[in-house]
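Input: a single structure, listed below in structure tokens.
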Amino acid sequence: MTTTEDPQTAPAVDPGPLIRLTIADCAAKVLHSAVSLGVFGALAEGRPADSAELARRTGLHHRMVPDFLDALAGLGLLERTEGGRYRNSPLAQTYLVPDSSSYLGGFVELTNETLYGTWGRLTEALRSGEPQHLDPDKGGFVGDRHKDPAKMKRFLAGLDAYSDRMGAELARRLDWGRHSSFVDLGGARGNLAAVLVRAHPHLKATCFDLERTRPLFTEHIGGLGLADRIAFAGGDFFADPLPPADVVVLGHILHGFDTGRRRELLGRVFEAVRPGGTVLVYDRMVDDDRSDPERLLSSLHMRLVSPDGSEYRVADCRSWLREAGFTDGTAEPLLGTHTLVSAHKEAA
């Protein structure tokens with residue numbers, strides 16, 4: 001027997017947010033497909049195109065075109081004119097046009113390639129506690145790509161636009177005039193370091209990363225003409241001496257380790273920072289009351305891809321820095337998605 005619920009007793013809570021959450025990955029897949037099919041590149045010159053023209057340029061099937069393009073418009077990635085033509089939105093034009101200096105499409109493609117498989121095993125991980133994509137490097141994105149230079153270059157190129165923005169922010173957040181050198185721990189092929197030394201020409205930099213990264217660094221920094229200002233040091237954070245410098249930068253580093261290793265590494269960083277120098281730490285740190293869902297999802301991701309990693313609270317980071325010997329720690333938002341914690345080493 002079926003019953004009909006009395007409308008007067010139906011739940012008053014709107015299920016809309018639940019439905020939207022349930023299908024949230026659909027929007028991401030629309031973005032991934034648009035990047036893969038070259039939609040934004042087809043509109044790069046700024047001249048609006050109708051759906052038929054876009055279909056010819058990108059290989060879209062006519063049956064799928066109307067909903068696909070209008071969905072992109074609804075997501076803020078395309079703009080639809082009154083005549084039914086489409087153009088890139090400012091957001092897409094800035095970050096999704098291939099070969100532009102700010103292109104983030106490579107990163108979009110990598111998330112499609114990597115994250116879905118890993119997060120598809122979340123339930124298994126929640127039951128077993130085991131990482132599902134064991135990769136201590138770069139938040140689960142690298143995997144075995146370091147064995148294929150072409151794949152690794154594609155990954156790093158996808159991150160360059162991101163490090164361009166991060167470097168520009170760091171360049172203005174610190175009084176670099178007080179310092180002459182810095183080390184970027186886990187600096188990969190040196191793109192963030194390149195942004196900083198271009199913004200502050202008096203600086204000398206060192207990228208400290210695994211030795212396998214050296215060829216990619218040499219190619220990239222040589223191509224930028226900065227080989228005389230940015231050096232590479234290959235090694236292990238915990239086994240090899242860290243290069244001394246006035247400033248040490250740790251971006252997306254501490255979240256790969258457990259608390260004990262974080263404390264150990266910051267102790268080693270303290271020894272590397274010269275008296276009067278500074279340490280800069282940035283990650284997608286969890287807010288102290290653990291209420292920001294995006295930061296908590298980022299932390300959960302680290303647990304999925306590493307045996308010990310996770311994001312961490314801002315207060316914890318500041319506490320570890322004090323334990324290491326640093327003073328005057330401050331925390332501030334960075335790029336709307338990260339937190340920057342800085343602290344100082346007293347002058348001799």
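Residue numbering restarts at 1 for every chain of the structure tokens, chains are lettered A, B, ... in their displayed order, and ligands are numbered from 1 as they appear.
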- Message: Can you pull out every residue from range 57-182 of chain A that DSSP, working from the backbone, puts in helix (DSSP H, G or I), and format the result as a PyMOL selection string?
- Response: chain A and resi 57-58+65-74+90-95+105-119+122-128+138-140+145-147+149-173+176-178
- Message: Could you list, as a ChimeraX atom specification, every residue within 12 Å of Leu297 in chain A, counting only C-alpha atoms and ignoring same-chain residues fewer than 4 positions away?
- Response: /A:119,122,284-286,290-293,301-304,310-312
- Item | Atom pair CA of His220 in chain A / CA of Ala205 in chain A: separation (Å) |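 Straight-line distance from CA of His220 in chain A to CA of Ala205 in chain A works out to 14.6 Å.
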- Residue neighbourhood Arg189 in chain A, 12 Å, only C-alpha atoms, exclusion window fewer than 5 positions, as a ChimeraX atom specification: /A:152-157,159-160,163,184,194,206-224,226-227,230-234
- Message: One number please: CA of His252 in chain A to CA of Ala27 in chain A, in Å, one decimal.
- Response: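 So the two atoms, CA of His252 in chain A and CA of Ala27 in chain A, lie 26.5 Å apart.
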